[in-house]
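Peer 1: Here's a structure for you.
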Amino acid sequence: MAKMYYEADADMSLIKDKAIGIIGYGSQGHAHALNLKDSGLNVMVGLYEGSKSWPKAEADGLKVGTVAQTAEASDIIMMLIPDHLQAEIYKESIEPHLLPGKTLMFAHGFCIHYETIKPPEGVDVSMMAPKAPGHRVREVFIRGSGVPGLIAVHQDATGKAHDVALAYGRGIGCTRAGVLDSTFKEETETDLFGEQAVLCGGVTALVKAAYETLVEAGYEPESAYFECMHELKLIVDLMYQGGMGYMRYSISDTAEFGDYTSGPVVIDASVKERMKGILDRIQDGSFARQWITENDEGRPTFYRMREENANHPIEKVGKELRGMMSFLKDDD
């Protein structure tokens, strides 16, 4: 069983006197930077000149500079910009300042695992990957809690790469919930697979197919939306809280019986075989090459699919219905 680390395992004094550069100020970037700042650490944010995030980061009380300036001034450099941008920005603005003894960190292993970034010898290369969106990382930290994280070391030049990454994890709050030992390979491949097969690709495809099935059978679109989209959160929240068993305990016996009898009909052995095909493409690098090529060509397929899905009938119906749900505004 993989080892878990908590507050008592992380020595934040290892990075107390280090300059930490956060590259990017998006979802993860703002959360890491602000959490580290609140933990009493020396943080600087690296952005491109003219970035809309520049004045925002400054307003949040953070020191801001260009990516190159931040990389040069920092002992620890955390890459928190999108995967498809990392390699070019690394080559132009970070690699020239990666002196021996510095630490290069990531919150996702894509660019190291698929070798779009190849760090020089003499630097530590590690990962601290919170298992939550950035706004959630920040939100629970402010409340005194944290989200779980994954830790991995790709290159240990100083002999302290793991300890420094764990200290960083404490700085952003992950050791409050628990940090799990992993590898760049494991984190990257399981993360991509989870997104594609279940969390994003699988769920949205299942919801759309169910919605279309009901509407094509003559049921009202609004009813189809409530049954196939709106109530999904209720079920996911129950599973999040206590697993599938707690969800089944909480629903009606009729629903539970339907779960057992119909679930395997929808998600049968053939689906699992196709999931294995998705995993194969992730493991052999086919998906990574496809995504890199897509970006190199200006993202034509990506933008076409984004528009097609944005125009799906369930999105139109959902927008109208959510507009009447005042409690959603309260949640925001």
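How things are named: the first chain in the structure tokens is A, the next is B, and so on; residues count from 1 in each chain; ligands count from 1 in the order shown.
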Name the residues in contact with A:Lys131 at a cut-off of 10 Å, using only C-alpha atoms, excluding same-chain residues fewer than 4 positions from it; report them as an MDAnalysis selection string.
Peer 2: chainID A and resid 107 136:137 147:150 174 179 191
Peer 1: Dump as a Markdown table the rows for residues of stretch 98-210 of chain A within 8 Å of stretch 30-52 of chain A: closest atom pair and distance in Å with one decimal, only C-alpha atoms counted, ordered by chain and rising residue number.
Peer 2:
```
| residue | atom | partner | partner_atom | distance |
| --- | --- | --- | --- | --- |
| A:Gly134 | CA | A:Ala31 | CA | 5.4 |
| A:His135 | CA | A:Ala31 | CA | 6.5 |
| A:Val137 | CA | A:Ala31 | CA | 6.1 |
| A:Arg138 | CA | A:Ala31 | CA | 4.9 |
| A:Phe141 | CA | A:Asn35 | CA | 7.0 |
| A:Tyr168 | CA | A:Leu36 | CA | 8.0 |
| A:Gly171 | CA | A:Leu36 | CA | 5.1 |
| A:Ile172 | CA | A:Asn35 | CA | 5.0 |
| A:Gly173 | CA | A:Asn35 | CA | 7.3 |
```
Peer 1: Restricting the output to N, CA, C and O atoms, write the selected residues as a PDB file, in the first residue's frame.
Peer 2:
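Produced file part23.pdb, reproduced below:
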```pdb
ATOM      1  N   GLY A 134      -8.429  24.415  -8.284  1.00  0.00           N
ATOM      2  CA  GLY A 134      -7.765  25.425  -7.491  1.00  0.00           C
ATOM      3  C   GLY A 134      -8.680  26.180  -6.537  1.00  0.00           C
ATOM      4  O   GLY A 134      -8.307  26.452  -5.388  1.00  0.00           O
ATOM      5  N   HIS A 135      -9.888  26.524  -6.994  1.00  0.00           N
ATOM      6  CA  HIS A 135     -10.772  27.282  -6.104  1.00  0.00           C
ATOM      7  C   HIS A 135     -11.127  26.474  -4.863  1.00  0.00           C
ATOM      8  O   HIS A 135     -11.317  27.017  -3.780  1.00  0.00           O
ATOM      9  N   VAL A 137      -9.054  24.150  -3.548  1.00  0.00           N
ATOM     10  CA  VAL A 137      -7.820  24.140  -2.764  1.00  0.00           C
ATOM     11  C   VAL A 137      -7.763  25.369  -1.863  1.00  0.00           C
ATOM     12  O   VAL A 137      -7.403  25.284  -0.683  1.00  0.00           O
ATOM     13  N   ARG A 138      -8.126  26.501  -2.413  1.00  0.00           N
ATOM     14  CA  ARG A 138      -8.099  27.758  -1.664  1.00  0.00           C
ATOM     15  C   ARG A 138      -9.228  27.809  -0.633  1.00  0.00           C
ATOM     16  O   ARG A 138      -9.016  28.194   0.528  1.00  0.00           O
ATOM     17  N   PHE A 141      -8.629  25.561   2.396  1.00  0.00           N
ATOM     18  CA  PHE A 141      -7.475  26.046   3.161  1.00  0.00           C
ATOM     19  C   PHE A 141      -7.891  27.183   4.086  1.00  0.00           C
ATOM     20  O   PHE A 141      -7.496  27.228   5.259  1.00  0.00           O
ATOM     21  N   TYR A 168       6.365  21.771   0.670  1.00  0.00           N
ATOM     22  CA  TYR A 168       5.524  22.594  -0.204  1.00  0.00           C
ATOM     23  C   TYR A 168       4.060  22.161  -0.052  1.00  0.00           C
ATOM     24  O   TYR A 168       3.150  23.000   0.035  1.00  0.00           O
ATOM     25  N   GLY A 171       2.647  23.619   2.851  1.00  0.00           N
ATOM     26  CA  GLY A 171       2.409  25.040   2.649  1.00  0.00           C
ATOM     27  C   GLY A 171       1.101  25.354   1.950  1.00  0.00           C
ATOM     28  O   GLY A 171       0.485  26.390   2.200  1.00  0.00           O
ATOM     29  N   ILE A 172       0.647  24.462   1.078  1.00  0.00           N
ATOM     30  CA  ILE A 172      -0.626  24.704   0.383  1.00  0.00           C
ATOM     31  C   ILE A 172      -1.796  23.972   1.038  1.00  0.00           C
ATOM     32  O   ILE A 172      -2.928  24.061   0.565  1.00  0.00           O
ATOM     33  N   GLY A 173      -1.508  23.238   2.117  1.00  0.00           N
ATOM     34  CA  GLY A 173      -2.593  22.623   2.889  1.00  0.00           C
ATOM     35  C   GLY A 173      -2.868  21.164   2.625  1.00  0.00           C
ATOM     36  O   GLY A 173      -3.742  20.566   3.262  1.00  0.00           O
TER      37      GLY A 173
END
```
Peer 1: Do you know which residues are at most 6 Å from A:Gly24 counting only C-alpha atoms, after dropping those on the same chain fewer than 2 positions away, and could you put them as a list in words?
Peer 2: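 Those residues are Gly26, Gly29, Leu47, Leu80 and Ile81 of chain A.
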Peer 1: Pull N, CA, C and O atoms from the residues just selected and write them as a PDB file, in the first residue's frame.
Peer 2:
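Written output follows (part_7.pdb):
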```
ATOM      1  N   GLY A  26      -3.826  31.198 -12.596  1.00  0.00           N
ATOM      2  CA  GLY A  26      -5.173  30.737 -12.903  1.00  0.00           C
ATOM      3  C   GLY A  26      -5.759  29.999 -11.714  1.00  0.00           C
ATOM      4  O   GLY A  26      -5.488  30.320 -10.554  1.00  0.00           O
ATOM      5  N   GLY A  29      -2.841  28.269  -9.830  1.00  0.00           N
ATOM      6  CA  GLY A  29      -1.814  29.245  -9.511  1.00  0.00           C
ATOM      7  C   GLY A  29      -2.196  30.170  -8.374  1.00  0.00           C
ATOM      8  O   GLY A  29      -1.410  30.396  -7.449  1.00  0.00           O
ATOM      9  N   LEU A  47       4.312  35.855 -14.622  1.00  0.00           N
ATOM     10  CA  LEU A  47       3.299  35.985 -15.668  1.00  0.00           C
ATOM     11  C   LEU A  47       3.917  36.637 -16.905  1.00  0.00           C
ATOM     12  O   LEU A  47       4.977  37.259 -16.821  1.00  0.00           O
ATOM     13  N   LEU A  80       2.426  26.105 -13.114  1.00  0.00           N
ATOM     14  CA  LEU A  80       0.979  25.999 -12.980  1.00  0.00           C
ATOM     15  C   LEU A  80       0.264  26.682 -14.144  1.00  0.00           C
ATOM     16  O   LEU A  80      -0.747  27.349 -13.971  1.00  0.00           O
ATOM     17  N   ILE A  81       0.810  26.503 -15.331  1.00  0.00           N
ATOM     18  CA  ILE A  81       0.168  26.962 -16.556  1.00  0.00           C
ATOM     19  C   ILE A  81      -0.303  25.731 -17.325  1.00  0.00           C
ATOM     20  O   ILE A  81       0.145  24.609 -17.039  1.00  0.00           O
TER      21      ILE A  81
END
```
Peer 1: Sorted by chain and rising residue number, list the residues of stretch 62-162 of chain A at most 12 Å from stretch 7-20 of chain A (counting only C-alpha atoms), each with its closest atom pair and distance in Å to one decimal, as a tab-separated table.
Peer 2:
```
residue	atom	partner	partner_atom	distance
A:Leu62	CA	A:Ile20	CA	11.6
A:Lys63	CA	A:Ile20	CA	10.9
A:Val64	CA	A:Ile20	CA	11.7
A:Thr70	CA	A:Ile20	CA	8.6
A:Ala71	CA	A:Ile20	CA	8.9
A:Glu72	CA	A:Ala19	CA	10.1
A:Ala73	CA	A:Ala19	CA	7.0
A:Ser74	CA	A:Ala19	CA	4.7
A:Asp75	CA	A:Ala19	CA	5.2
A:Ile76	CA	A:Ile20	CA	4.7
A:Ile77	CA	A:Ile20	CA	6.0
A:Met78	CA	A:Ile20	CA	7.6
A:Met79	CA	A:Ile20	CA	11.0
A:Gly101	CA	A:Lys18	CA	11.7
A:Lys102	CA	A:Lys18	CA	9.9
A:Thr103	CA	A:Ile20	CA	9.4
A:Leu104	CA	A:Ile20	CA	10.2
A:Met105	CA	A:Ile20	CA	10.2
A:Ser145	CA	A:Glu7	CA	11.4
A:Gly146	CA	A:Glu7	CA	10.8
A:Pro148	CA	A:Glu7	CA	11.9
A:Ile151	CA	A:Ala10	CA	12.0
A:Lys160	CA	A:Leu14	CA	9.2
A:Ala161	CA	A:Leu14	CA	10.6
A:His162	CA	A:Ala10	CA	9.9
```
Peer 1: Considering only C-alpha atoms, can you say which of A:Val265, A:His84, A:Pro55, A:Glu222 comes closest to A:Glu320?
Peer 2: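 So, comparing all the options, the nearest one is A:Glu222.
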Peer 1: Would you tabulate, counting only C-alpha atoms, all residues of stretch 149-252 of chain A that have an atom at most 8 Å from an atom of stretch 269-290 of chain A, showing the closest pair of atoms and their distance in Å to one decimal, sorted by chain then ascending number, as a tab-separated table?
Peer 2:
```
residue	atom	partner	partner_atom	distance
A:Glu189	CA	A:Ile282	CA	6.2
A:Leu192	CA	A:Ile282	CA	7.2
A:Phe193	CA	A:Leu279	CA	6.1
A:Gln196	CA	A:Ile278	CA	7.9
A:Ala197	CA	A:Met275	CA	6.4
```
Peer 1: Could you write out that same residue set with C-alpha atoms as a compact mmCIF listing (two decimals), in the first residue's frame?
Peer 2:
```txt
# COMPACT_ATOMS: atom_id res chain seq x y z
CA GLU A 189 -1.88 8.25 -16.75
CA LEU A 192 -5.95 11.46 -17.94
CA PHE A 193 -7.84 8.17 -17.79
CA GLN A 196 -11.65 10.79 -20.14
CA ALA A 197 -13.37 7.58 -19.04
```
Peer 1: Could you list, as a list in words, every residue within 12 Å of A:Leu328, counting only C-alpha atoms and ignoring same-chain residues fewer than 5 positions away?
Peer 2: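 The contact residues come out as His230, Lys319, Leu321, Arg322 and Gly323 of chain A.
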Peer 1: Selection from above, C-alpha atoms, as a CSV table (one decimal), in the first residue's frame, can you write it?
Peer 2:
```csv
chain,number,residue,atom,x,y,z
A,230,HIS,CA,-29.8,17.9,-12.2
A,319,LYS,CA,-29.5,27.2,-18.8
A,321,LEU,CA,-33.9,26.0,-15.7
A,322,ARG,CA,-30.9,27.0,-13.7
A,323,GLY,CA,-31.9,30.6,-14.3
```
Peer 1: Based on DSSP run over this structure's backbone, return all residues of stretch 113-324 of chain A in helix (DSSP H, G or I), as a ChimeraX atom specification.
Peer 2: /A:113,134-142,161-171,174-177,184-199,201-216,221-230,232-250,253-266,269-283,286-296,300-310,313-322
